[in-house]
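Chemist: Okay, so here is structure.cif, and as you'll see once you scroll down, it has mmCIF, C-alpha atoms and all ligand atoms.
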```cif
data_data
loop_
_atom_site.label_atom_id
_atom_site.label_comp_id
_atom_site.auth_asym_id
_atom_site.auth_seq_id
_atom_site.Cartn_x
_atom_site.Cartn_y
_atom_site.Cartn_z
CA MET H 1 84.46 99.66 103.65
CA ARG H 2 85.02 102.04 106.58
CA HIS H 3 81.37 102.97 106.61
CA PHE H 4 80.29 99.31 106.86
CA LEU H 5 82.75 98.71 109.71
CA GLU H 6 81.39 101.74 111.56
CA ILE H 7 77.86 100.43 111.13
CA ALA H 8 78.88 96.94 112.29
CA ASP H 9 80.53 98.40 115.40
CA GLN H 10 77.18 99.84 116.46
CA PHE H 11 76.10 96.25 117.25
CA GLN H 12 77.02 94.07 120.24
CA LEU H 13 79.83 92.21 118.47
CA GLN H 14 82.61 90.22 120.07
CA GLY H 15 85.58 92.42 119.17
CA ARG H 16 85.89 95.30 116.71
CA ALA H 17 84.92 94.97 113.06
CA VAL H 18 88.02 94.84 110.84
CA ASP H 19 86.71 93.54 107.51
CA ALA H 20 83.40 93.64 105.58
CA GLN H 21 82.92 91.96 102.20
CA PRO H 22 79.81 91.56 100.03
CA HIS H 23 78.34 88.11 100.56
CA GLY H 24 75.73 85.79 99.03
CA GLY H 25 73.58 85.99 95.94
CA GLY H 26 70.29 87.44 97.21
CA HIS H 27 68.23 89.74 94.97
CA ILE H 28 66.81 91.97 97.68
CA ASN H 29 69.00 92.95 100.63
CA ASP H 30 72.67 93.99 100.68
CA THR H 31 74.59 91.37 102.63
CA PHE H 32 78.14 91.62 104.03
CA LEU H 33 80.34 89.16 105.87
CA VAL H 34 82.00 91.03 108.74
CA LYS H 35 85.10 89.84 110.61
CA THR H 36 86.23 91.18 113.98
CA ASP H 37 89.68 91.44 115.55
CA THR H 38 88.83 88.54 117.86
CA GLY H 39 88.05 86.24 114.91
CA SER H 40 84.24 86.35 115.18
CA GLN H 41 82.18 86.56 111.99
CA TYR H 42 78.78 88.15 111.39
CA ILE H 43 76.26 88.75 108.64
CA LEU H 44 75.53 92.47 108.31
CA GLN H 45 72.51 93.32 106.17
CA ARG H 46 71.10 96.52 104.82
CA ILE H 47 67.38 95.77 104.62
CA ASN H 48 65.72 96.87 101.41
CA THR H 49 63.35 99.48 102.82
CA GLY H 50 61.86 100.18 99.40
CA ILE H 51 60.45 96.66 99.57
CA PHE H 52 59.99 96.14 103.31
CA LYS H 53 58.02 99.25 104.28
CA ASP H 54 57.68 98.45 107.98
CA VAL H 55 61.09 97.28 109.17
CA ASP H 56 60.10 97.28 112.84
CA ALA H 57 57.27 94.85 112.11
CA LEU H 58 59.69 92.80 110.02
CA MET H 59 62.26 92.53 112.82
CA ASN H 60 59.54 91.81 115.35
CA ASN H 61 58.38 88.88 113.20
CA ILE H 62 61.94 87.56 112.99
CA LEU H 63 62.46 87.85 116.76
CA LEU H 64 59.21 86.01 117.45
CA VAL H 65 59.93 83.27 114.93
CA THR H 66 63.57 82.72 115.91
CA ASP H 67 62.71 82.63 119.65
CA PHE H 68 60.01 80.07 118.95
CA LEU H 69 62.31 77.97 116.75
CA LYS H 70 65.15 78.07 119.29
CA LYS H 71 62.93 76.61 121.98
CA LYS H 72 61.76 73.83 119.68
CA ILE H 73 65.27 73.06 118.46
CA ALA H 74 66.67 72.97 122.01
CA GLY H 75 63.74 70.82 123.14
CA ALA H 76 64.58 68.28 120.43
CA GLY H 77 68.24 68.19 121.52
CA GLY H 78 69.51 70.31 118.59
CA ASP H 79 71.87 73.29 118.57
CA PRO H 80 69.78 76.50 118.44
CA ASP H 81 72.84 78.61 117.59
CA ARG H 82 73.55 76.65 114.41
CA GLU H 83 70.09 75.53 113.35
CA THR H 84 68.40 78.91 113.13
CA LEU H 85 69.28 82.61 112.98
CA SER H 86 69.91 84.75 116.06
CA VAL H 87 69.49 88.51 116.05
CA VAL H 88 72.50 90.44 117.38
CA PRO H 89 71.22 93.65 119.04
CA VAL H 90 72.58 97.14 118.66
CA LYS H 91 74.47 98.47 121.69
CA ASP H 92 71.30 100.22 122.91
CA GLY H 93 69.43 96.90 122.79
CA SER H 94 67.33 97.53 119.67
CA ALA H 95 67.22 95.07 116.79
CA LEU H 96 67.93 97.61 114.05
CA CYS H 97 70.52 100.30 113.42
CA ARG H 98 69.21 103.27 111.46
CA ASP H 99 71.59 105.40 109.40
CA GLY H 100 69.70 108.06 107.47
CA ASP H 101 67.23 106.15 105.31
CA ASP H 102 69.17 102.89 105.70
CA CYS H 103 68.28 100.15 108.16
CA TRP H 104 70.84 97.56 109.22
CA ARG H 105 70.72 94.32 111.19
CA VAL H 106 73.26 91.69 112.23
CA TYR H 107 73.15 87.91 112.64
CA PRO H 108 76.02 85.74 113.88
CA PHE H 109 77.57 84.08 110.83
CA ILE H 110 76.87 80.35 111.04
CA GLU H 111 80.36 78.91 110.67
CA ARG H 112 81.38 76.01 108.42
CA ALA H 113 78.12 76.30 106.50
CA VAL H 114 77.71 76.21 102.72
CA THR H 115 75.06 77.73 100.45
CA LEU H 116 74.32 76.39 96.97
CA GLN H 117 73.34 78.69 94.11
CA THR H 118 72.20 75.79 91.94
CA CYS H 119 71.47 72.20 92.72
CA GLU H 120 74.40 69.84 92.06
CA ASN H 121 72.82 66.49 92.85
CA GLN H 122 69.67 64.79 94.10
CA GLU H 123 70.93 64.25 97.65
CA GLN H 124 71.43 67.98 98.21
CA PHE H 125 68.01 68.79 96.88
CA GLU H 126 66.35 66.16 99.01
CA ALA H 127 68.20 67.54 102.05
CA SER H 128 66.88 71.04 101.29
CA ALA H 129 63.37 69.58 101.04
CA GLY H 130 63.82 68.06 104.48
CA ALA H 131 64.91 71.45 105.80
CA PHE H 132 61.88 73.30 104.47
CA GLY H 133 59.50 70.47 105.40
CA HIS H 134 60.92 70.47 108.90
CA PHE H 135 60.61 74.26 109.09
CA GLN H 136 56.94 73.90 108.19
CA LYS H 137 56.49 71.28 110.88
CA LEU H 138 58.27 73.30 113.56
CA LEU H 139 56.04 76.30 112.87
CA ALA H 140 52.79 74.32 112.72
CA ASP H 141 51.69 75.55 116.16
CA PHE H 142 53.20 79.03 115.93
CA PRO H 143 50.57 81.68 116.77
CA ALA H 144 50.04 83.09 113.28
CA GLU H 145 48.04 86.10 114.49
CA THR H 146 51.19 87.56 116.12
CA LEU H 147 52.89 87.95 112.73
CA GLN H 148 52.50 90.96 110.49
CA GLU H 149 52.42 90.76 106.71
CA THR H 150 55.84 92.12 105.69
CA ILE H 151 54.89 92.37 102.00
CA PRO H 152 51.14 92.49 101.42
CA ASN H 153 49.82 90.11 98.74
CA PHE H 154 53.27 88.55 98.39
CA HIS H 155 52.07 85.31 96.80
CA ASN H 156 48.68 86.57 95.73
CA THR H 157 49.16 85.53 92.13
CA LYS H 158 45.90 87.24 91.14
CA SER H 159 47.16 90.61 92.31
CA ARG H 160 50.58 89.83 90.76
CA TYR H 161 48.69 89.39 87.48
CA ARG H 162 47.07 92.82 87.89
CA ASP H 163 50.50 94.36 88.57
CA PHE H 164 51.74 92.73 85.38
CA GLU H 165 48.89 94.18 83.28
CA ALA H 166 49.51 97.61 84.83
CA ALA H 167 53.18 97.37 83.85
CA VAL H 168 52.25 96.43 80.26
CA ALA H 169 49.78 99.31 80.07
CA GLY H 170 52.27 101.79 81.59
CA ASP H 171 55.21 100.55 79.50
CA VAL H 172 57.38 103.22 81.10
CA CYS H 173 60.57 102.09 79.35
CA GLY H 174 59.05 101.26 75.97
CA ARG H 175 60.01 97.62 76.42
CA ALA H 176 56.62 95.96 75.88
CA ALA H 177 56.95 95.78 72.09
CA GLY H 178 60.07 93.62 72.44
CA VAL H 179 58.45 91.05 74.75
CA GLN H 180 55.14 90.31 73.04
CA GLU H 181 55.76 86.57 73.21
CA GLU H 182 56.28 86.66 76.97
CA ILE H 183 53.24 88.91 77.45
CA ALA H 184 51.10 86.46 75.48
CA PHE H 185 52.48 83.59 77.57
CA VAL H 186 51.24 85.26 80.75
CA ARG H 187 47.87 86.27 79.31
CA ALA H 188 47.22 82.70 78.17
CA ARG H 189 47.44 81.68 81.85
CA LYS H 190 45.29 84.43 83.36
CA ASP H 191 42.68 81.98 84.71
CA PHE H 192 45.35 79.66 86.03
CA ALA H 193 46.75 82.57 88.11
CA SER H 194 43.63 82.44 90.34
CA VAL H 195 43.46 78.72 91.02
CA LEU H 196 45.17 78.56 94.42
CA MET H 197 43.87 81.90 95.70
CA ASP H 198 40.33 80.82 94.84
CA MET H 199 40.78 77.53 96.69
CA GLN H 200 42.10 79.39 99.72
CA GLU H 201 39.16 81.79 99.63
CA ARG H 202 36.75 78.85 99.48
CA GLY H 203 38.44 77.34 102.53
CA GLU H 204 39.86 74.42 100.54
CA LEU H 205 43.46 75.26 101.38
CA PRO H 206 44.45 76.35 104.92
CA LEU H 207 46.60 79.37 105.72
CA ARG H 208 49.70 78.31 107.63
CA VAL H 209 52.85 80.05 108.82
CA THR H 210 55.12 79.63 105.82
CA HIS H 211 58.55 80.80 104.72
CA ASN H 212 57.48 82.15 101.33
CA ASP H 213 60.97 82.35 99.81
CA THR H 214 62.14 78.75 99.82
CA LYS H 215 64.91 78.85 97.29
CA LEU H 216 67.89 76.60 97.65
CA ASN H 217 70.24 79.44 98.61
CA ASN H 218 68.08 80.14 101.65
CA VAL H 219 69.20 76.83 103.21
CA LEU H 220 72.58 76.46 104.89
CA PHE H 221 74.26 73.06 104.62
CA ASP H 222 76.85 71.72 107.04
CA GLY H 223 80.13 72.08 105.11
CA GLU H 224 81.44 68.70 106.27
CA THR H 225 78.42 66.40 106.06
CA MET H 226 76.39 68.42 103.50
CA ARG H 227 73.36 67.76 105.68
CA SER H 228 70.96 70.69 105.83
CA LEU H 229 71.58 72.85 108.85
CA ALA H 230 69.37 75.93 108.93
CA VAL H 231 66.74 77.81 106.98
CA VAL H 232 67.69 81.50 106.61
CA ASP H 233 66.19 84.62 105.00
CA LEU H 234 63.21 84.89 107.32
CA ASP H 235 61.97 88.27 106.02
CA THR H 236 58.88 86.81 104.42
CA VAL H 237 57.81 84.35 107.13
CA MET H 238 54.08 85.08 107.40
CA PRO H 239 50.76 83.37 106.77
CA GLY H 240 50.76 81.62 103.40
CA LEU H 241 50.12 78.36 101.56
CA SER H 242 52.22 75.25 102.11
CA VAL H 243 51.94 74.41 98.40
CA ASN H 244 53.66 77.69 97.59
CA ASP H 245 56.60 76.89 99.88
CA PHE H 246 56.90 73.54 98.15
CA GLY H 247 56.47 75.18 94.75
CA ASP H 248 59.02 77.95 95.18
CA SER H 249 61.71 75.37 95.95
CA ILE H 250 60.83 73.41 92.82
CA ARG H 251 60.90 76.57 90.73
CA PHE H 252 64.48 77.32 91.70
CA GLY H 253 65.93 73.92 92.35
CA ALA H 254 64.33 71.27 90.14
CA THR H 255 66.72 72.07 87.30
CA TYR H 256 70.49 72.02 86.98
CA ALA H 257 70.41 75.43 85.27
CA ALA H 258 70.82 78.79 86.95
CA GLU H 259 67.81 81.08 87.34
CA ASP H 260 69.38 83.50 84.86
CA GLU H 261 70.75 80.99 82.30
CA THR H 262 70.56 82.53 78.82
CA ASP H 263 70.84 79.25 76.89
CA LEU H 264 67.31 77.94 77.30
CA GLU H 265 68.29 74.52 75.94
CA LYS H 266 70.13 74.02 79.21
CA VAL H 267 67.05 74.92 81.21
CA GLN H 268 65.10 71.76 81.81
CA PHE H 269 62.71 70.70 84.49
CA GLU H 270 64.15 67.53 86.04
CA LEU H 271 61.44 65.13 87.10
CA SER H 272 63.97 63.14 89.16
CA LEU H 273 64.71 66.27 91.22
CA PHE H 274 61.01 66.93 91.64
CA GLU H 275 60.56 63.37 92.89
CA CYS H 276 63.30 63.53 95.46
CA TYR H 277 62.16 66.95 96.71
CA THR H 278 58.63 65.56 97.08
CA ARG H 279 59.97 62.59 99.04
CA GLY H 280 62.07 64.81 101.34
CA PHE H 281 59.32 67.39 101.90
CA LEU H 282 56.48 64.94 102.53
CA GLY H 283 58.78 62.81 104.66
CA GLU H 284 59.02 65.74 107.08
CA CYS H 285 55.61 67.37 106.92
CA GLY H 286 53.35 65.02 104.93
CA ALA H 287 51.43 63.97 108.05
CA LEU H 288 50.53 67.60 108.66
CA LEU H 289 49.15 68.38 105.21
CA THR H 290 45.54 67.93 104.13
CA GLU H 291 44.58 65.81 101.11
CA ASN H 292 43.92 68.98 99.11
CA GLU H 293 47.33 70.40 99.97
CA LYS H 294 49.07 67.21 98.86
CA LYS H 295 47.03 67.03 95.67
CA MET H 296 47.86 70.63 94.79
CA LEU H 297 51.65 70.40 95.29
CA PRO H 298 52.32 70.14 91.52
CA VAL H 299 50.06 73.15 90.94
CA GLY H 300 52.04 75.02 93.62
CA ALA H 301 55.21 74.28 91.66
CA ILE H 302 53.78 75.54 88.38
CA MET H 303 52.15 78.52 90.12
CA MET H 304 55.31 79.72 91.86
CA THR H 305 57.35 79.35 88.67
CA PHE H 306 54.73 81.20 86.66
CA GLU H 307 54.35 83.90 89.32
CA CYS H 308 58.09 84.45 89.61
CA GLY H 309 58.52 84.63 85.83
CA MET H 310 55.66 87.13 85.72
CA ARG H 311 57.29 89.16 88.53
CA PHE H 312 60.61 89.25 86.62
CA LEU H 313 58.77 90.34 83.46
CA THR H 314 56.81 93.00 85.36
CA ASP H 315 60.05 94.35 86.83
CA TYR H 316 61.69 94.36 83.39
CA LEU H 317 58.74 96.38 82.04
CA ASN H 318 58.88 98.75 85.03
CA GLY H 319 62.58 99.46 84.48
CA ASP H 320 64.20 97.00 86.95
CA THR H 321 63.20 98.69 90.17
CA TYR H 322 62.60 95.64 92.40
CA PHE H 323 65.11 92.81 91.84
CA LYS H 324 68.82 93.64 91.79
CA ILE H 325 70.20 93.22 88.28
CA HIS H 326 73.82 92.67 87.27
CA ARG H 327 73.55 93.03 83.48
CA GLU H 328 71.28 94.36 80.76
CA ASN H 329 68.08 92.31 80.29
CA HIS H 330 68.82 90.36 83.46
CA ASN H 331 65.19 90.28 84.55
CA LEU H 332 64.09 89.28 81.05
CA ASP H 333 66.60 86.41 81.05
CA ARG H 334 65.29 85.31 84.44
CA CYS H 335 61.71 85.54 83.19
CA ARG H 336 62.52 83.32 80.21
CA THR H 337 64.03 80.52 82.32
CA GLN H 338 60.92 80.51 84.49
CA PHE H 339 58.58 80.33 81.51
CA LYS H 340 60.63 77.49 79.99
CA LEU H 341 60.25 75.60 83.27
CA VAL H 342 56.51 76.30 83.34
CA ARG H 343 56.16 74.75 79.88
CA ASP H 344 58.18 71.71 80.93
CA MET H 345 56.14 71.25 84.11
CA GLU H 346 52.85 71.61 82.26
CA ALA H 347 54.00 68.78 79.99
CA ALA H 348 55.11 66.66 82.97
CA ARG H 349 52.00 67.26 85.05
CA GLU H 350 50.82 63.65 85.06
CA GLN H 351 54.18 62.34 86.24
CA MET H 352 54.30 65.04 88.91
CA ASP H 353 50.86 64.00 90.19
CA GLU H 354 51.99 60.38 90.19
CA ALA H 355 55.12 61.19 92.21
CA VAL H 356 53.06 63.04 94.82
CA ARG H 357 50.70 60.06 95.13
CA ARG H 358 53.68 57.73 95.54
CA TYR H 359 55.17 59.69 98.45
CA SER H 360 51.91 60.67 100.15
P1 LIG R 1 68.55 88.05 100.56
O1 LIG R 1 67.24 88.41 101.18
O2 LIG R 1 69.14 89.18 99.84
O3 LIG R 1 68.44 86.82 99.73
P2 LIG R 1 69.75 86.40 102.68
O4 LIG R 1 69.25 86.68 104.04
O5 LIG R 1 69.21 85.21 101.99
O6 LIG R 1 69.56 87.73 101.78
O7 LIG R 1 71.33 86.30 102.76
C1 LIG R 1 72.12 86.14 101.60
C2 LIG R 1 73.04 84.93 101.74
O8 LIG R 1 73.89 85.09 102.89
C3 LIG R 1 72.32 83.60 101.99
O9 LIG R 1 71.98 82.99 100.77
C4 LIG R 1 73.38 82.80 102.74
O10 LIG R 1 74.30 82.24 101.83
C5 LIG R 1 74.14 83.84 103.54
N1 LIG R 1 73.70 83.95 104.94
C6 LIG R 1 72.67 84.67 105.41
N2 LIG R 1 72.59 84.60 106.76
C7 LIG R 1 73.62 83.81 107.16
C8 LIG R 1 74.11 83.37 108.43
N3 LIG R 1 73.55 83.76 109.58
N4 LIG R 1 75.21 82.56 108.46
C9 LIG R 1 75.81 82.20 107.31
N5 LIG R 1 75.41 82.59 106.09
C10 LIG R 1 74.33 83.38 105.99
C1 LIG R 2 63.95 87.18 95.94
O1 LIG R 2 65.69 87.61 98.61
P1 LIG R 2 65.89 86.47 97.69
O2 LIG R 2 66.92 86.70 96.65
O3 LIG R 2 66.08 85.19 98.48
C2 LIG R 2 62.47 87.40 96.21
C3 LIG R 2 61.71 86.08 96.02
C4 LIG R 2 61.94 85.57 94.62
C5 LIG R 2 63.42 85.41 94.38
C6 LIG R 2 63.72 85.01 92.96
C7 LIG R 2 61.40 89.44 99.20
O4 LIG R 2 64.47 86.28 96.91
O5 LIG R 2 60.32 86.30 96.23
O6 LIG R 2 61.30 84.33 94.44
O7 LIG R 2 64.13 86.65 94.64
N1 LIG R 2 62.29 87.91 97.57
C8 LIG R 2 61.47 88.96 97.80
O8 LIG R 2 65.01 84.51 92.88
O9 LIG R 2 60.81 89.50 96.91
MG MG R 3 68.04 84.87 100.28
#
```
The structure given in the file should be rewritten as structure tokens.
Modeler:
Amino acid sequence: MRHFLEIADQFQLQGRAVDAQPHGGGHINDTFLVKTDTGSQYILQRINTGIFKDVDALMNNILLVTDFLKKKIAGAGGDPDRETLSVVPVKDGSALCRDGDDCWRVYPFIERAVTLQTCENQEQFEASAGAFGHFQKLLADFPAETLQETIPNFHNTKSRYRDFEAAVAGDVCGRAAGVQEEIAFVRARKDFASVLMDMQERGELPLRVTHNDTKLNNVLFDGETMRSLAVVDLDTVMPGLSVNDFGDSIRFGATYAAEDETDLEKVQFELSLFECYTRGFLGECGALLTENEKKMLPVGAIMMTFECGMRFLTDYLNGDTYFKIHRENHNLDRCRTQFKLVRDMEAAREQMDEAVRRYS
């Protein structure tokens, strides 16, 4: 712990760091909750530099986006310190603290906030939809050209498909033989993988500034009212498709099962959750979206679930080098929940389309 405290003390904290404990359930960065001797709390994060190759560009994006959001939030009479992240600088004024190969950053901990790892009820999920829809609306006039791509081809499902085939061909851990069913599942959807990218290339879907990682645990709720408070995890804010932001939330949240549930009978796509997310999301940003975007929301949901399952499978085949794992076969278990949800959504497609029409 001493090392983490020393790192934290490099930043402009109120007081001296006295405690640092692992925090949150993210798969990418290492997150710690730091307490100081004056009672202030902070989020200290070691950024995954294997994944985010240009951390200066990443922090520059976050500074630009949070400054922009703060102005909008203040202008609307909100509380910019609670409704978005703030970057706490290092004592020399920079946004990052480098320690060997490690890169660290600090945000003030937003107090009395709650994060959910799985959805407990419809109201919570609808509130998270409002948060992400509102985020989309707030960023509608953000100058997209000032942002850098922090992970190239992040939701390019076509190139994700190529990565998957390369992992099968490489089979560096000899795991491909044991997952033939999952490999066949992906291959059967090869053409589907291109659908949204092709529409974007043909100019049928606009590029917007999107969050790109809209899972439920990237929303903070007010601990007292359980209203949504802030959208966090801004590492992947960059140009993207609105249908993917919608879809990634559905992937993670439109089920009462955890992303890594091993009993697939418990993993079910809940149409009622899809409906209330659609209502919450379109209620905030529906007026902004084009007819094509609205029409393709269900495809975004299936696409993001398929893509994420394929990414988990690719990582399993590559020897678990990307997502943090906490047990054997963790990425394979995650892949299987995603593919179960894809099957369920494919079967519910008509009802999903109908729900989108209802709330459009
Ligand atoms: P990862 O990229 O690894 O998912 P996140 O940035 O999402 O990391 O942080 C992990 C968790 O920490 C979040 O799910 C949230 O619960 C919590 N968290 C992050 N930033 C803050 C903050 N400023 N205030 C309170 N909680 C936060
Ligand atoms: C990762 O960082 P975290 O845990 O919020 C991943 C997302 C995946 C998600 C799957 C930068 O999100 O793309 O959808 O895991 N983030 C990155 O749970 O790859
Ligand atoms: Mg996160």
Chemist: Could you check the closest approach to ligand MG 3 (chain R) for each of H:Val65, H:Leu33, H:Leu147, H:Val232 and tell me which residue wins, using all atoms listed in the file?
Modeler: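 For ligand MG 3 (chain R), the nearest of the given residues is H:Val232.
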Chemist: Hey, could you make a per-residue contact list for chain H against ligand LIG 2 (chain R) with 7 Å as the cut-off, showing the nearest pair of atoms and its distance in Å to one decimal, counting all atoms listed in the file, sorted by chain and number, as JSON lines?
Modeler:
```
{"residue": "H:Gly25", "atom": "CA", "partner": "R:LIG2", "partner_atom": "O2", "distance": 6.7}
{"residue": "H:Gly26", "atom": "CA", "partner": "R:LIG2", "partner_atom": "O2", "distance": 3.5}
{"residue": "H:His27", "atom": "CA", "partner": "R:LIG2", "partner_atom": "O2", "distance": 3.7}
{"residue": "H:Ile28", "atom": "CA", "partner": "R:LIG2", "partner_atom": "O1", "distance": 4.6}
{"residue": "H:Asn29", "atom": "CA", "partner": "R:LIG2", "partner_atom": "O1", "distance": 6.6}
{"residue": "H:Asp213", "atom": "CA", "partner": "R:LIG2", "partner_atom": "C3", "distance": 5.4}
{"residue": "H:Lys215", "atom": "CA", "partner": "R:LIG2", "partner_atom": "O3", "distance": 6.6}
{"residue": "H:Asn218", "atom": "CA", "partner": "R:LIG2", "partner_atom": "O3", "distance": 6.3}
{"residue": "H:Asp233", "atom": "CA", "partner": "R:LIG2", "partner_atom": "O3", "distance": 6.5}
{"residue": "H:Asp235", "atom": "CA", "partner": "R:LIG2", "partner_atom": "C7", "distance": 6.9}
{"residue": "H:Thr236", "atom": "CA", "partner": "R:LIG2", "partner_atom": "C7", "distance": 6.4}
{"residue": "H:Asp248", "atom": "CA", "partner": "R:LIG2", "partner_atom": "O6", "distance": 6.8}
{"residue": "H:Cys308", "atom": "CA", "partner": "R:LIG2", "partner_atom": "O6", "distance": 5.8}
{"residue": "H:Phe323", "atom": "CA", "partner": "R:LIG2", "partner_atom": "O7", "distance": 6.8}
```
Chemist: I need the chosen residues saved as a PDB file, keeping the file's coordinate frame, with C-alpha atoms.
Modeler:
```
ATOM      1  CA  GLY H  25      73.580  85.990  95.940  1.00  0.00           C
ATOM      2  CA  GLY H  26      70.290  87.440  97.210  1.00  0.00           C
ATOM      3  CA  HIS H  27      68.230  89.740  94.970  1.00  0.00           C
ATOM      4  CA  ILE H  28      66.810  91.970  97.680  1.00  0.00           C
ATOM      5  CA  ASN H  29      69.000  92.950 100.630  1.00  0.00           C
ATOM      6  CA  ASP H 213      60.970  82.350  99.810  1.00  0.00           C
ATOM      7  CA  LYS H 215      64.910  78.850  97.290  1.00  0.00           C
ATOM      8  CA  ASN H 218      68.080  80.140 101.650  1.00  0.00           C
ATOM      9  CA  ASP H 233      66.190  84.620 105.000  1.00  0.00           C
ATOM     10  CA  ASP H 235      61.970  88.270 106.020  1.00  0.00           C
ATOM     11  CA  THR H 236      58.880  86.810 104.420  1.00  0.00           C
ATOM     12  CA  ASP H 248      59.020  77.950  95.180  1.00  0.00           C
ATOM     13  CA  CYS H 308      58.090  84.450  89.610  1.00  0.00           C
ATOM     14  CA  PHE H 323      65.110  92.810  91.840  1.00  0.00           C
TER      15      PHE H 323
END
```
Chemist: Which is closest to Cys285 of chain H among H:Asn153, H:Ser360, H:Gln21, H:Ser94, if we use only C-alpha atoms?
Modeler: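 Closest candidate: H:Ser360.
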Chemist: Rank nothing, just name the residue among H:Phe246, H:Phe11, H:Phe312, H:Tyr322 nearest to ligand LIG 1 (chain R), using all atoms listed in the file.
Modeler: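 Closest candidate: H:Tyr322.
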Chemist: Skip Glu259 of chain H itself and residues of its chain fewer than 5 positions away, then list as an NGL selection string all residues within 9 Å of it, counting only C-alpha atoms.
Modeler: :H and (118 or 251-253 or 267 or 333-335 or 337-338)
Chemist: Between H:Arg82, H:Arg46, H:Lys35, H:His3, which residue has the minimum interatomic distance to Trp104 of chain H, considering all atoms listed in the file?
Modeler: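 Ranking H:Arg82, H:Arg46, H:Lys35, H:His3 by distance to Trp104 of chain H, first place goes to H:Arg46.
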Chemist: Work out how far atom CA of Leu241 of chain H is from atom CA of Lys295 of chain H, in Å to one decimal.
Modeler: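 Answer for the atom CA of Lys295 of chain H to atom CA of Leu241 of chain H separation: 13.1 Å.
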Chemist: Using all atoms listed in the file, I'd like a table of the residues in chain H that come within 10 Å of ligand LIG 1 (chain R); for each, show the closest atom pair and its distance in Å rounded to one decimal, ordered by chain and ascending number, as a tab-separated table.
Modeler:
```
residue	atom	partner	partner_atom	distance
H:Pro22	CA	R:LIG1	O8	9.2
H:His23	CA	R:LIG1	O8	5.9
H:Gly24	CA	R:LIG1	C2	3.9
H:Gly25	CA	R:LIG1	C1	5.8
H:Gly26	CA	R:LIG1	O3	3.2
H:His27	CA	R:LIG1	O2	5.0
H:Ile28	CA	R:LIG1	O2	4.2
H:Asn29	CA	R:LIG1	O2	3.9
H:Asp30	CA	R:LIG1	O2	6.0
H:Thr31	CA	R:LIG1	C1	5.9
H:Phe32	CA	R:LIG1	O8	7.9
H:Leu33	CA	R:LIG1	O8	8.2
H:Gln41	CA	R:LIG1	N4	8.8
H:Tyr42	CA	R:LIG1	N3	7.1
H:Ile43	CA	R:LIG1	N3	5.8
H:Leu44	CA	R:LIG1	N2	8.5
H:Gln45	CA	R:LIG1	O6	7.7
H:Arg46	CA	R:LIG1	O2	9.1
H:Ile47	CA	R:LIG1	O1	8.1
H:Asn48	CA	R:LIG1	O2	8.6
H:Asp81	CA	R:LIG1	N3	9.5
H:Arg82	CA	R:LIG1	N4	8.5
H:Glu83	CA	R:LIG1	N3	9.7
H:Thr84	CA	R:LIG1	N3	7.9
H:Leu85	CA	R:LIG1	N3	5.6
H:Ser86	CA	R:LIG1	N3	7.5
H:Val87	CA	R:LIG1	N3	9.0
H:Val106	CA	R:LIG1	N3	8.4
H:Tyr107	CA	R:LIG1	N3	5.2
H:Pro108	CA	R:LIG1	N3	5.3
H:Phe109	CA	R:LIG1	N4	3.7
H:Ile110	CA	R:LIG1	N4	3.8
H:Glu111	CA	R:LIG1	C9	6.5
H:Arg112	CA	R:LIG1	C9	8.4
H:Ala113	CA	R:LIG1	C9	6.4
H:Val114	CA	R:LIG1	O10	7.0
H:Thr115	CA	R:LIG1	O10	4.8
H:Leu116	CA	R:LIG1	O10	7.6
H:Gln117	CA	R:LIG1	O9	8.0
H:Asp213	CA	R:LIG1	O3	8.7
H:Thr214	CA	R:LIG1	O5	9.8
H:Lys215	CA	R:LIG1	O9	8.9
H:Leu216	CA	R:LIG1	O9	8.2
H:Asn217	CA	R:LIG1	O9	4.5
H:Asn218	CA	R:LIG1	O9	4.9
H:Val219	CA	R:LIG1	O9	7.2
H:Leu220	CA	R:LIG1	C4	6.7
H:Phe221	CA	R:LIG1	O10	9.6
H:Ala230	CA	R:LIG1	C8	8.8
H:Val231	CA	R:LIG1	N2	9.0
H:Val232	CA	R:LIG1	N2	5.8
H:Asp233	CA	R:LIG1	O4	3.8
H:Leu234	CA	R:LIG1	O4	7.1
H:Asp235	CA	R:LIG1	O1	7.2
H:Thr236	CA	R:LIG1	O1	9.1
H:Phe323	CA	R:LIG1	O2	9.7
H:Lys324	CA	R:LIG1	O2	9.2
```
Chemist: Rank H:Asp260, H:Arg175, H:Leu289, H:Ile302 by their smallest atom-to-atom distance to Ala193 of chain H, using only C-alpha atoms, and report the top residue only.
Modeler: H:Ile302
Chemist: At what distance in Å, to one decimal, does atom CA of Leu207 of chain H lie from atom CA of Gln148 of chain H?
Modeler: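 About the pair atom CA of Gln148 of chain H and atom CA of Leu207 of chain H: they are 13.9 Å apart.
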Chemist: Under the rule that all atoms listed in the file are counted, which of H:Ala184, H:Val237, H:Val356, H:Leu229 is the nearest residue to Phe142 of chain H?
Modeler: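 Among H:Ala184, H:Val237, H:Val356, H:Leu229, it is H:Val237 that comes nearest to Phe142 of chain H.
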Chemist: Residues near Ala144 of chain H, anyone? I mean within 12 Å using all atoms listed in the file, not counting same-chain ones fewer than 4 positions away, as a PyMOL selection string.
Modeler: chain H and resi 61+64-65+68+139-140+148-149+207-210+237-240
Chemist: Could you tell me how far atom CA of Asn292 of chain H sits from atom CA of Gln124 of chain H, in Å to one decimal place?
Modeler: 27.5 Å
Chemist: Padding 3 Å on every side, please: axis-aligned box over the listed atoms of segment 250-260 of chain H, centre and edge lengths to one decimal in Å, as AutoDock Vina command-line options.
Modeler:
```
--center_x 65.8 --center_y 77.4 --center_z 88.8 --size_x 16.0 --size_y 18.2 --size_z 14.0
```
